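Have a look at target11.cif below; it lists mmCIF, C-alpha atoms.
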data_my_file
loop_
_atom_site.group_PDB
_atom_site.id
_atom_site.type_symbol
_atom_site.label_atom_id
_atom_site.label_comp_id
_atom_site.auth_asym_id
_atom_site.auth_seq_id
_atom_site.Cartn_x
_atom_site.Cartn_y
_atom_site.Cartn_z
ATOM 1 C CA MET A 1 -6.046 10.829 10.154
ATOM 2 C CA THR A 2 -4.149 11.136 13.442
ATOM 3 C CA SER A 3 -0.945 13.123 13.770
ATOM 4 C CA PHE A 4 0.736 9.768 14.523
ATOM 5 C CA ARG A 5 -0.064 8.514 11.025
ATOM 6 C CA ARG A 6 0.655 11.872 9.398
ATOM 7 C CA ARG A 7 4.175 11.778 10.822
ATOM 8 C CA LEU A 8 4.749 8.185 9.768
ATOM 9 C CA LEU A 9 3.430 8.264 6.219
ATOM 10 C CA PRO A 10 5.798 10.719 4.511
ATOM 11 C CA THR A 11 8.895 9.032 5.936
ATOM 12 C CA SER A 12 7.609 5.557 5.141
ATOM 13 C CA LEU A 13 6.799 6.618 1.607
ATOM 14 C CA ALA A 14 10.262 8.083 1.159
ATOM 15 C CA ALA A 15 11.810 4.842 2.369
ATOM 16 C CA LEU A 16 9.747 2.782 -0.044
ATOM 17 C CA LEU A 17 10.498 4.967 -3.023
ATOM 18 C CA ALA A 18 14.200 5.143 -2.233
ATOM 19 C CA GLY A 19 14.429 1.475 -3.136
ATOM 20 C CA GLY A 20 12.436 1.895 -6.342
ATOM 21 C CA VAL A 21 12.406 4.345 -9.204
ATOM 22 C CA LEU A 22 13.846 7.163 -7.109
ATOM 23 C CA ALA A 23 17.141 5.352 -6.842
ATOM 24 C CA GLY A 24 19.624 7.293 -8.916
ATOM 25 C CA ALA A 25 17.010 9.803 -10.093
ATOM 26 C CA VAL A 26 18.145 13.213 -11.276
ATOM 27 C CA PRO A 27 16.075 16.356 -11.825
ATOM 28 C CA ALA A 28 14.010 16.334 -15.000
ATOM 29 C CA PRO A 29 14.802 18.878 -17.702
ATOM 30 C CA ALA A 30 12.592 21.930 -17.912
ATOM 31 C CA PHE A 31 10.726 20.780 -21.018
ATOM 32 C CA ALA A 32 9.466 17.634 -19.255
ATOM 33 C CA ALA A 33 7.370 19.690 -16.894
ATOM 34 C CA GLY A 34 6.067 22.335 -19.224
ATOM 35 C CA PRO A 35 3.389 24.865 -18.384
ATOM 36 C CA PRO A 36 -0.122 23.706 -17.402
ATOM 37 C CA GLY A 37 -2.425 23.181 -20.347
ATOM 38 C CA GLU A 38 0.434 22.628 -22.779
ATOM 39 C CA THR A 39 -0.656 20.568 -25.786
ATOM 40 C CA ALA A 40 1.507 17.998 -27.502
ATOM 41 C CA GLY A 41 2.839 18.581 -30.976
ATOM 42 C CA SER A 42 2.163 14.942 -31.819
ATOM 43 C CA ALA A 43 1.109 11.729 -30.136
ATOM 44 C CA THR A 44 4.564 10.262 -30.698
ATOM 45 C CA GLY A 45 6.257 13.315 -29.261
ATOM 46 C CA SER A 46 4.016 13.261 -26.196
ATOM 47 C CA TYR A 47 4.663 9.550 -25.679
ATOM 48 C CA LEU A 48 8.428 9.946 -25.897
ATOM 49 C CA ALA A 49 8.371 12.973 -23.625
ATOM 50 C CA GLY A 50 6.311 10.986 -21.125
ATOM 51 C CA ARG A 51 8.736 8.070 -21.166
ATOM 52 C CA TYR A 52 11.679 10.377 -20.656
ATOM 53 C CA ALA A 53 9.946 12.223 -17.803
ATOM 54 C CA GLN A 54 9.121 8.923 -16.102
ATOM 55 C CA HIS A 55 12.745 7.789 -16.288
ATOM 56 C CA GLN A 56 13.697 11.084 -14.667
ATOM 57 C CA ASP A 57 11.069 10.397 -11.976
ATOM 58 C CA ASP A 58 8.956 13.394 -12.946
ATOM 59 C CA TRP A 59 5.668 11.543 -12.572
ATOM 60 C CA THR A 60 3.480 14.595 -12.964
ATOM 61 C CA ALA A 61 4.953 15.440 -16.344
ATOM 62 C CA ALA A 62 5.031 11.770 -17.373
ATOM 63 C CA ALA A 63 1.337 11.371 -16.561
ATOM 64 C CA ARG A 64 0.394 14.551 -18.426
ATOM 65 C CA PHE A 65 2.360 13.772 -21.581
ATOM 66 C CA THR A 66 1.173 10.158 -21.657
ATOM 67 C CA ALA A 67 -2.435 11.279 -21.222
ATOM 68 C CA GLN A 68 -1.969 13.617 -24.210
ATOM 69 C CA ALA A 69 -0.697 10.706 -26.285
ATOM 70 C CA LEU A 70 -3.676 8.587 -25.170
ATOM 71 C CA ALA A 71 -6.097 11.351 -26.154
ATOM 72 C CA ALA A 72 -4.727 11.111 -29.685
ATOM 73 C CA ASP A 73 -5.018 7.308 -29.721
ATOM 74 C CA PRO A 74 -7.703 6.328 -27.166
ATOM 75 C CA ASP A 75 -7.949 2.694 -28.333
ATOM 76 C CA ASP A 76 -4.303 1.889 -27.562
ATOM 77 C CA GLN A 77 -4.606 -0.494 -24.592
ATOM 78 C CA ALA A 78 -0.905 -0.484 -23.758
ATOM 79 C CA LEU A 79 -0.955 3.303 -23.630
ATOM 80 C CA LEU A 80 -4.120 3.213 -21.513
ATOM 81 C CA ARG A 81 -2.419 0.909 -19.022
ATOM 82 C CA ARG A 82 0.610 3.186 -18.809
ATOM 83 C CA THR A 83 -1.550 6.269 -18.341
ATOM 84 C CA PHE A 84 -3.546 4.508 -15.630
ATOM 85 C CA LEU A 85 -0.439 3.537 -13.654
ATOM 86 C CA LEU A 86 1.101 6.982 -14.007
ATOM 87 C CA ARG A 87 -2.044 8.764 -12.847
ATOM 88 C CA LEU A 88 -2.337 6.326 -9.976
ATOM 89 C CA GLY A 89 1.321 6.694 -9.067
ATOM 90 C CA GLU A 90 0.902 10.454 -9.140
ATOM 91 C CA GLY A 91 -1.930 10.161 -6.612
ATOM 92 C CA GLN A 92 -4.744 11.176 -8.998
ATOM 93 C CA VAL A 93 -7.043 8.477 -7.630
ATOM 94 C CA ASP A 94 -10.335 9.665 -9.127
ATOM 95 C CA THR A 95 -8.793 10.018 -12.582
ATOM 96 C CA ALA A 96 -7.124 6.626 -12.238
ATOM 97 C CA ILE A 97 -10.456 5.001 -11.339
ATOM 98 C CA GLY A 98 -11.850 6.211 -14.659
ATOM 99 C CA TYR A 99 -8.935 4.657 -16.538
ATOM 100 C CA ALA A 100 -9.236 1.448 -14.478
ATOM 101 C CA THR A 101 -12.862 1.077 -15.540
ATOM 102 C CA ARG A 102 -11.855 1.429 -19.184
ATOM 103 C CA LEU A 103 -9.306 -1.364 -18.731
ATOM 104 C CA LEU A 104 -11.898 -3.891 -17.581
ATOM 105 C CA GLY A 105 -12.743 -6.597 -20.059
ATOM 106 C CA GLU A 106 -9.413 -6.589 -21.829
ATOM 107 C CA GLN A 107 -7.394 -9.781 -21.901
ATOM 108 C CA GLY A 108 -5.319 -10.053 -18.754
ATOM 109 C CA GLU A 109 -7.038 -7.318 -16.743
ATOM 110 C CA PRO A 110 -4.433 -5.315 -14.801
ATOM 111 C CA GLN A 111 -4.202 -6.391 -11.199
ATOM 112 C CA MET A 112 -3.711 -2.847 -9.961
ATOM 113 C CA ALA A 113 -6.865 -1.718 -11.776
ATOM 114 C CA LEU A 114 -8.957 -4.463 -10.185
ATOM 115 C CA THR A 115 -7.394 -3.820 -6.779
ATOM 116 C CA LEU A 116 -8.051 -0.086 -6.976
ATOM 117 C CA LEU A 117 -11.670 -0.643 -7.990
ATOM 118 C CA ALA A 118 -12.138 -3.188 -5.192
ATOM 119 C CA ALA A 119 -10.660 -0.780 -2.643
ATOM 120 C CA ASP A 120 -12.809 2.075 -3.915
ATOM 121 C CA ALA A 121 -15.944 -0.070 -3.698
ATOM 122 C CA LEU A 122 -14.992 -1.145 -0.174
ATOM 123 C CA ALA A 123 -14.500 2.490 0.846
ATOM 124 C CA LYS A 124 -18.004 3.246 -0.443
ATOM 125 C CA GLY A 125 -19.525 0.273 1.377
ATOM 126 C CA LYS A 126 -20.325 -1.587 -1.853
ATOM 127 C CA LEU A 127 -19.130 -4.987 -0.688
ATOM 128 C CA ASP A 128 -20.753 -7.060 -3.435
ATOM 129 C CA GLU A 129 -19.104 -4.895 -6.065
ATOM 130 C CA ALA A 130 -15.767 -5.115 -4.252
ATOM 131 C CA ASP A 131 -16.030 -8.906 -4.055
ATOM 132 C CA GLY A 132 -16.773 -9.022 -7.786
ATOM 133 C CA TYR A 133 -13.526 -7.210 -8.591
ATOM 134 C CA ALA A 134 -11.544 -9.335 -6.134
ATOM 135 C CA ALA A 135 -12.918 -12.542 -7.664
ATOM 136 C CA ARG A 136 -11.258 -11.545 -10.945
ATOM 137 C CA LEU A 137 -7.806 -11.131 -9.412
ATOM 138 C CA PRO A 138 -5.325 -13.817 -10.555
ATOM 139 C CA ALA A 139 -3.596 -16.259 -8.241
ATOM 140 C CA ASP A 140 -0.223 -16.136 -10.013
ATOM 141 C CA GLY A 141 2.443 -13.501 -10.522
ATOM 142 C CA LEU A 142 1.979 -10.541 -8.202
ATOM 143 C CA GLY A 143 -1.497 -11.923 -7.582
ATOM 144 C CA ARG A 144 0.174 -14.306 -5.128
ATOM 145 C CA PHE A 145 0.385 -11.324 -2.774
ATOM 146 C CA ILE A 146 -2.335 -8.898 -3.840
ATOM 147 C CA THR A 147 -5.136 -11.446 -4.112
ATOM 148 C CA PRO A 148 -4.924 -13.063 -0.634
ATOM 149 C CA LEU A 149 -4.616 -9.680 1.084
ATOM 150 C CA THR A 150 -7.492 -8.106 -0.833
ATOM 151 C CA ARG A 151 -9.869 -11.023 -0.409
ATOM 152 C CA ALA A 152 -8.969 -11.402 3.267
ATOM 153 C CA TRP A 153 -9.796 -7.809 4.109
ATOM 154 C CA LEU A 154 -13.015 -7.903 2.103
ATOM 155 C CA ALA A 155 -14.097 -10.946 4.103
ATOM 156 C CA THR A 156 -13.147 -9.055 7.256
ATOM 157 C CA ALA A 157 -15.439 -6.228 6.163
ATOM 158 C CA ARG A 158 -18.309 -8.731 6.299
ATOM 159 C CA GLY A 159 -17.293 -9.940 9.738
ATOM 160 C CA LYS A 160 -16.228 -13.352 8.393
ATOM 161 C CA THR A 161 -12.983 -13.796 10.301
ATOM 162 C CA ASP A 162 -12.374 -17.491 9.583
ATOM 163 C CA GLU A 163 -13.107 -16.936 5.896
ATOM 164 C CA ALA A 164 -10.656 -14.025 5.912
ATOM 165 C CA LEU A 165 -7.916 -16.154 7.464
ATOM 166 C CA ALA A 166 -8.514 -18.886 4.887
ATOM 167 C CA ALA A 167 -8.252 -16.327 2.081
ATOM 168 C CA LEU A 168 -4.996 -15.028 3.554
ATOM 169 C CA GLU A 169 -3.447 -18.490 4.010
ATOM 170 C CA PRO A 170 -1.795 -18.767 0.543
ATOM 171 C CA LEU A 171 0.431 -15.825 1.452
ATOM 172 C CA ALA A 172 1.990 -17.889 4.249
ATOM 173 C CA ALA A 173 3.382 -20.315 1.678
ATOM 174 C CA VAL A 174 5.261 -17.639 -0.295
ATOM 175 C CA GLN A 175 8.909 -17.623 0.681
ATOM 176 C CA GLY A 176 9.934 -14.399 2.387
ATOM 177 C CA PHE A 177 6.382 -13.197 3.060
ATOM 178 C CA GLY A 178 5.672 -15.006 6.309
ATOM 179 C CA ALA A 179 5.962 -11.811 8.333
ATOM 180 C CA LEU A 180 3.410 -10.065 6.107
ATOM 181 C CA TYR A 181 1.050 -13.019 6.525
ATOM 182 C CA ASN A 182 1.423 -13.077 10.297
ATOM 183 C CA LEU A 183 0.974 -9.321 10.608
ATOM 184 C CA HIS A 184 -2.307 -9.280 8.729
ATOM 185 C CA ALA A 185 -3.578 -12.470 10.325
ATOM 186 C CA ALA A 186 -2.938 -10.763 13.672
ATOM 187 C CA LEU A 187 -4.682 -7.556 12.595
ATOM 188 C CA ILE A 188 -7.741 -9.477 11.392
ATOM 189 C CA LEU A 189 -7.935 -11.527 14.594
ATOM 190 C CA ASP A 190 -7.367 -8.395 16.668
ATOM 191 C CA LEU A 191 -10.335 -6.668 14.997
ATOM 192 C CA ALA A 192 -12.464 -9.736 15.696
ATOM 193 C CA GLY A 193 -11.632 -9.553 19.398
ATOM 194 C CA ARG A 194 -9.658 -12.800 19.374
ATOM 195 C CA SER A 195 -6.749 -11.341 21.308
ATOM 196 C CA GLU A 196 -4.994 -14.566 22.271
ATOM 197 C CA ASP A 197 -4.895 -15.795 18.685
ATOM 198 C CA ALA A 198 -3.789 -12.357 17.503
ATOM 199 C CA ALA A 199 -0.985 -12.292 20.080
ATOM 200 C CA ALA A 200 0.395 -15.582 18.755
ATOM 201 C CA HIS A 201 0.766 -14.056 15.289
ATOM 202 C CA TYR A 202 2.104 -10.723 16.559
ATOM 203 C CA VAL A 203 4.882 -12.583 18.414
ATOM 204 C CA LYS A 204 5.973 -14.219 15.166
ATOM 205 C CA VAL A 205 6.177 -10.826 13.464
ATOM 206 C CA THR A 206 8.596 -9.518 16.103
ATOM 207 C CA ASP A 207 10.693 -12.697 16.329
ATOM 208 C CA THR A 208 13.019 -11.108 13.784
ATOM 209 C CA GLU A 209 14.046 -7.477 13.445
ATOM 210 C CA ALA A 210 10.896 -5.626 12.424
ATOM 211 C CA PRO A 211 10.492 -2.149 10.903
ATOM 212 C CA LEU A 212 9.169 0.682 13.049
ATOM 213 C CA ARG A 213 5.666 0.532 11.556
ATOM 214 C CA VAL A 214 5.315 -3.097 12.657
ATOM 215 C CA VAL A 215 6.779 -2.317 16.083
ATOM 216 C CA GLN A 216 4.219 0.465 16.477
ATOM 217 C CA ILE A 217 1.327 -1.840 15.560
ATOM 218 C CA VAL A 218 2.456 -4.615 17.904
ATOM 219 C CA GLY A 219 3.281 -2.143 20.690
ATOM 220 C CA ASN A 220 -0.177 -0.624 20.319
ATOM 221 C CA PHE A 221 -1.731 -4.087 20.684
ATOM 222 C CA MET A 222 0.307 -4.745 23.824
ATOM 223 C CA MET A 223 -0.794 -1.428 25.317
ATOM 224 C CA ARG A 224 -4.461 -2.152 24.577
ATOM 225 C CA THR A 225 -4.233 -5.599 26.158
ATOM 226 C CA GLY A 226 -2.581 -4.442 29.373
ATOM 227 C CA LYS A 227 0.993 -5.386 28.514
ATOM 228 C CA THR A 228 2.453 -1.914 28.957
ATOM 229 C CA ASP A 229 5.855 -3.054 30.176
ATOM 230 C CA GLU A 230 6.238 -5.423 27.231
ATOM 231 C CA ALA A 231 5.279 -2.653 24.841
ATOM 232 C CA ARG A 232 7.853 -0.269 26.278
ATOM 233 C CA LYS A 233 10.518 -2.995 26.148
ATOM 234 C CA LEU A 234 9.660 -3.605 22.479
ATOM 235 C CA TYR A 235 10.099 0.072 21.648
ATOM 236 C CA GLU A 236 13.268 0.450 23.693
ATOM 237 C CA THR A 237 14.809 -2.614 22.043
ATOM 238 C CA PHE A 238 14.027 -1.112 18.650
ATOM 239 C CA GLN A 239 15.615 2.158 19.772
ATOM 240 C CA ILE A 240 18.787 0.366 20.869
ATOM 241 C CA ASN A 241 19.014 -1.433 17.522
ATOM 242 C CA ASN A 242 18.273 1.757 15.576
ATOM 243 C CA PRO A 243 20.012 4.580 17.474
ATOM 244 C CA ASP A 244 19.880 6.914 14.468
ATOM 245 C CA GLY A 245 16.178 6.401 13.755
ATOM 246 C CA LEU A 246 14.468 9.787 13.587
ATOM 247 C CA LEU A 247 10.988 8.398 14.328
ATOM 248 C CA VAL A 248 11.741 6.396 17.470
ATOM 249 C CA GLU A 249 11.467 9.188 20.045
ATOM 250 C CA PRO A 250 8.218 10.601 18.581
ATOM 251 C CA ALA A 251 6.788 7.074 18.481
ATOM 252 C CA LEU A 252 7.614 6.484 22.150
ATOM 253 C CA ASP A 253 6.062 9.824 23.032
ATOM 254 C CA ALA A 254 2.944 9.050 20.978
ATOM 255 C CA MET A 255 2.651 5.655 22.658
ATOM 256 C CA ALA A 256 2.669 7.291 26.071
ATOM 257 C CA LYS A 257 0.016 9.851 25.120
ATOM 258 C CA ALA A 258 -2.307 7.738 22.949
ATOM 259 C CA PRO A 259 -5.707 6.701 24.358
ATOM 260 C CA SER A 260 -5.681 3.065 25.402
ATOM 261 C CA ASP A 261 -8.357 2.122 22.857
ATOM 262 C CA THR A 262 -6.713 3.763 19.817
ATOM 263 C CA ARG A 263 -6.050 1.308 16.988
ATOM 264 C CA PRO A 264 -3.700 2.008 14.059
ATOM 265 C CA VAL A 265 -5.944 -0.207 11.876
ATOM 266 C CA PRO A 266 -9.521 0.192 13.140
ATOM 267 C CA ASP A 267 -11.522 -1.327 10.263
ATOM 268 C CA ALA A 268 -11.355 -3.367 7.070
ATOM 269 C CA ARG A 269 -10.846 -0.508 4.614
ATOM 270 C CA SER A 270 -7.912 0.731 6.702
ATOM 271 C CA GLY A 271 -6.683 -2.861 6.803
ATOM 272 C CA LEU A 272 -6.649 -3.102 3.017
ATOM 273 C CA ALA A 273 -4.809 0.223 2.753
ATOM 274 C CA GLU A 274 -2.298 -1.036 5.322
ATOM 275 C CA ALA A 275 -1.936 -4.319 3.432
ATOM 276 C CA LEU A 276 -1.063 -2.660 0.145
ATOM 277 C CA PHE A 277 1.290 -0.229 1.846
ATOM 278 C CA ASP A 278 3.069 -3.122 3.574
ATOM 279 C CA LEU A 279 3.105 -5.095 0.334
ATOM 280 C CA GLY A 280 4.845 -2.257 -1.502
ATOM 281 C CA SER A 281 7.559 -2.271 1.138
ATOM 282 C CA ALA A 282 7.902 -6.060 1.173
ATOM 283 C CA CYS A 283 8.082 -6.273 -2.625
ATOM 284 C CA ILE A 284 10.858 -3.712 -2.842
ATOM 285 C CA THR A 285 12.850 -5.702 -0.285
ATOM 286 C CA ARG A 286 12.060 -9.231 -1.467
ATOM 287 C CA MET A 287 11.520 -8.756 -5.200
ATOM 288 C CA PRO A 288 14.166 -6.389 -6.580
ATOM 289 C CA THR A 289 13.239 -7.265 -10.158
ATOM 290 C CA SER A 290 9.746 -5.883 -9.502
ATOM 291 C CA ARG A 291 10.868 -2.681 -7.826
ATOM 292 C CA ARG A 292 9.417 -0.379 -10.463
ATOM 293 C CA PHE A 293 5.969 -1.966 -10.145
ATOM 294 C CA CYS A 294 6.170 -2.002 -6.368
ATOM 295 C CA SER A 295 7.178 1.641 -6.281
ATOM 296 C CA VAL A 296 4.016 2.408 -8.258
ATOM 297 C CA ALA A 297 2.075 0.271 -5.782
ATOM 298 C CA SER A 298 3.646 2.157 -2.893
ATOM 299 C CA ARG A 299 2.761 5.530 -4.378
ATOM 300 C CA CYS A 300 -0.820 4.654 -5.231
ATOM 301 C CA THR A 301 -1.331 2.914 -1.903
ATOM 302 C CA CYS A 302 -0.241 5.998 -0.029
ATOM 303 C CA ALA A 303 -2.731 7.964 -2.085
ATOM 304 C CA GLY A 304 -5.281 5.383 -1.012
ATOM 305 C CA ILE A 305 -4.325 5.712 2.642
ATOM 306 C CA TRP A 306 -4.886 9.446 2.489
ATOM 307 C CA ARG A 307 -8.237 8.897 0.830
ATOM 308 C CA TRP A 308 -9.282 6.000 3.079
ATOM 309 C CA PRO A 309 -7.555 7.058 6.321
ATOM 310 C CA ILE A 310 -6.229 4.506 8.759
ATOM 311 C CA CYS A 311 -7.797 6.332 11.709
#
Could you render the structure from this file as structure tokens?
Amino acid sequence: MTSFRRRLLPTSLAALLAGGVLAGAVPAPAFAAGPPGETAGSATGSYLAGRYAQHQDDWTAAARFTAQALAADPDDQALLRRTFLLRLGEGQVDTAIGYATRLLGEQGEPQMALTLLAADALAKGKLDEADGYAARLPADGLGRFITPLTRAWLATARGKTDEALAALEPLAAVQGFGALYNLHAALILDLAGRSEDAAAHYVKVTDTEAPLRVVQIVGNFMMRTGKTDEARKLYETFQINNPDGLLVEPALDAMAKAPSDTRPVPDARSGLAEALFDLGSACITRMPTSRRFCSVASRCTCAGIWRWPIC
């Protein structure tokens, strides 16, 4: 992972979480984060301690206590789901994959479990397996966002650009998510070498005030396609509109020093990680009633980005 992405990720993650479960959080009491290896007095006690720790935003303790409760009642599907999300939100990806596998086959398979398994299969180059998980993703609820993005990037992994764009198309019809659609349509077209088509979508992303991450992606594209002056103007306009932004100066410096062929999203697995990261941010902004879920998505996606680096 480049230093550019290392600088961006922690701040972006903090911004995402600030709008979710971290809002109004206070330090957890000492008992909620007891010593390593502590065993629960009872399944009920562990469950209640886990719930309390989660409300205090102590995800490590919440995951540990909930896992203890699950160990005492391994057939409880609701508890398995909660343990899965907590482990995933904590960044314990390998452990979460094990829980995700156990959740398969139950009625209403969790979307995050299927998405994680699809992303893991993609990272391992198992495209048929990844497609199998993606085929089981629903088209309603949060599937309106997760499903088009996941299927689009899996098609991109196979080099099927037009199929990827068709899979992504339903996202364009969701009110408030046009920018997310245009960004990922542009990224997919950019990877396919269809620069003119990509540029048309990138322009739509920057028609309105865009966050720094988007400005960096579009500026990078402009630099790679010989539009250096336009890229600098894009960054400088962002700097004028965000004079207190701590990341603007480093981003301008990185832009000046970056090799001309460096891409922030160089392949399909990085594209899927980027998609879920962007989705977590968009959900927090556009879907306040789903902030807790989207904060989990943001956390686990960042864990995924570290595991499947964007460069």
Next on the checklist: Under the rule that all atoms listed in the file are counted, which of A:Leu85, A:Ala282, A:Met222, A:Leu116 is the nearest residue to A:Ala179?
Outcome noted: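 Under the stated criterion, the closest residue is A:Ala282.
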Item to check | Nearest-residue call for A:Phe145, choices A:Tyr133, A:Phe177, A:Phe238, A:Tyr202, using all atoms listed in the file | outcome: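 For A:Phe145, the nearest of the given residues is A:Phe177.
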Next on the checklist: I'd like to know which of A:Asn241, A:Leu187, A:Asp253, A:Leu48 is closest to A:Glu274, using all atoms listed in the file.
Outcome noted: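 With all atoms listed in the file as the atom set, the closest residue is A:Leu187.
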Checklist entry - Hey, which of A:Thr262, A:Thr225, A:Asn182, A:Gln239 ends up closest to A:Asp207? Count only C-alpha atoms. => result A:Asn182
Item to check | Contact residues around stretch 95-107 of chain A with all atoms listed in the file at 10 Å, ignoring same-chain residues under 5 positions, as a PyMOL selection string | outcome: chain A and resi 77-78+80-90+112-117+120+133+300
What does the file look like for those residues with C-alpha atoms, as a short mmCIF file (atom, residue, chain, number, x, y, z; two decimals), in the frame of the given file?
data_model
loop_
_atom_site.label_atom_id
_atom_site.label_comp_id
_atom_site.auth_asym_id
_atom_site.auth_seq_id
_atom_site.Cartn_x
_atom_site.Cartn_y
_atom_site.Cartn_z
CA GLN A 77 -4.61 -0.49 -24.59
CA ALA A 78 -0.90 -0.48 -23.76
CA LEU A 80 -4.12 3.21 -21.51
CA ARG A 81 -2.42 0.91 -19.02
CA ARG A 82 0.61 3.19 -18.81
CA THR A 83 -1.55 6.27 -18.34
CA PHE A 84 -3.55 4.51 -15.63
CA LEU A 85 -0.44 3.54 -13.65
CA LEU A 86 1.10 6.98 -14.01
CA ARG A 87 -2.04 8.76 -12.85
CA LEU A 88 -2.34 6.33 -9.98
CA GLY A 89 1.32 6.69 -9.07
CA GLU A 90 0.90 10.45 -9.14
CA MET A 112 -3.71 -2.85 -9.96
CA ALA A 113 -6.86 -1.72 -11.78
CA LEU A 114 -8.96 -4.46 -10.18
CA THR A 115 -7.39 -3.82 -6.78
CA LEU A 116 -8.05 -0.09 -6.98
CA LEU A 117 -11.67 -0.64 -7.99
CA ASP A 120 -12.81 2.08 -3.92
CA TYR A 133 -13.53 -7.21 -8.59
CA CYS A 300 -0.82 4.65 -5.23
#
Checklist entry - Written as JSON, numbers by chain, which residues does the PyMOL selection byres ((chain A and resi 236) around 12) give for the file shown? => result {"A": [212, 215, 216, 219, 229, 230, 231, 232, 233, 234, 235, 237, 238, 239, 240, 241, 242, 243, 245, 248, 249, 251, 252, 253, 255]}
Item to check | Of the listed residues A:Ile188, A:Ala62, A:Leu154, A:Ala139, that which approaches A:Pro266 most closely, counting all atoms listed in the file | outcome: A:Ile188
Checklist entry - Using all atoms listed in the file, which residue out of A:Thr147, A:Val174, A:Asp76, A:Ala268 lies closest to A:Gly159? => result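 Residue with the minimum atom-to-atom distance to A:Gly159: A:Ala268.
A straight line drawn from atom CA of A:Ala186 to atom CA of A:Thr206 is 11.9 Å long.
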Next on the checklist: Which residues would end up in the selection if the PyMOL selection byres ((chain A and resi 50) around 8) were applied here, given that I need the answer as a ChimeraX atom specification?
Outcome noted: /A:32,46-49,51-54,61-66
Checklist entry - Just so the selection is clear, what residues does the PyMOL selection byres ((chain A and resi 134) around 7) cover here, as a list in words? => result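 Selection result, ordered by chain and number: Leu114, Thr115, Ala118, Ala130, Asp131, Gly132, Tyr133, Ala135, Arg136, Leu137, Thr150 and Arg151 of chain A.
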Checklist entry - What does the distance from atom CA of A:Ala172 to atom CA of A:Leu149 come to in Å, to one decimal? => result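 Going from atom CA of A:Ala172 over to atom CA of A:Leu149, I get 11.0 Å.
Close contacts of A:Val205, defined as residues with an atom at most 10 Å away when counting all atoms listed in the file, with chain neighbours fewer than 2 positions off set aside, comprise A:Gly178, A:Ala179, A:Leu180, A:Tyr181, A:Asn182, A:Leu183, A:His184, A:Ala186, A:Ala199, A:Ala200, A:His201, A:Tyr202, A:Val203, A:Asp207, A:Thr208, A:Glu209, A:Ala210, A:Val214, A:Val215, A:Val218.
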Where's the centre, and what are the edge lengths in Å to one decimal, of a box along x, y and z enclosing all listed atoms of stretch 57-62 of chain A padded 5 Å per side, as AutoDock Vina command-line options?
--center_x 7.3 --center_y 12.9 --center_z -14.7 --size_x 17.6 --size_y 15.0 --size_z 15.4
Next on the checklist: Report, in Å to a single decimal, how far apart atom CA of A:Ile146 and atom CA of A:Ala273 are.
Outcome noted: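 Taking atom CA of A:Ala273 and atom CA of A:Ile146, their separation equals 11.5 Å.
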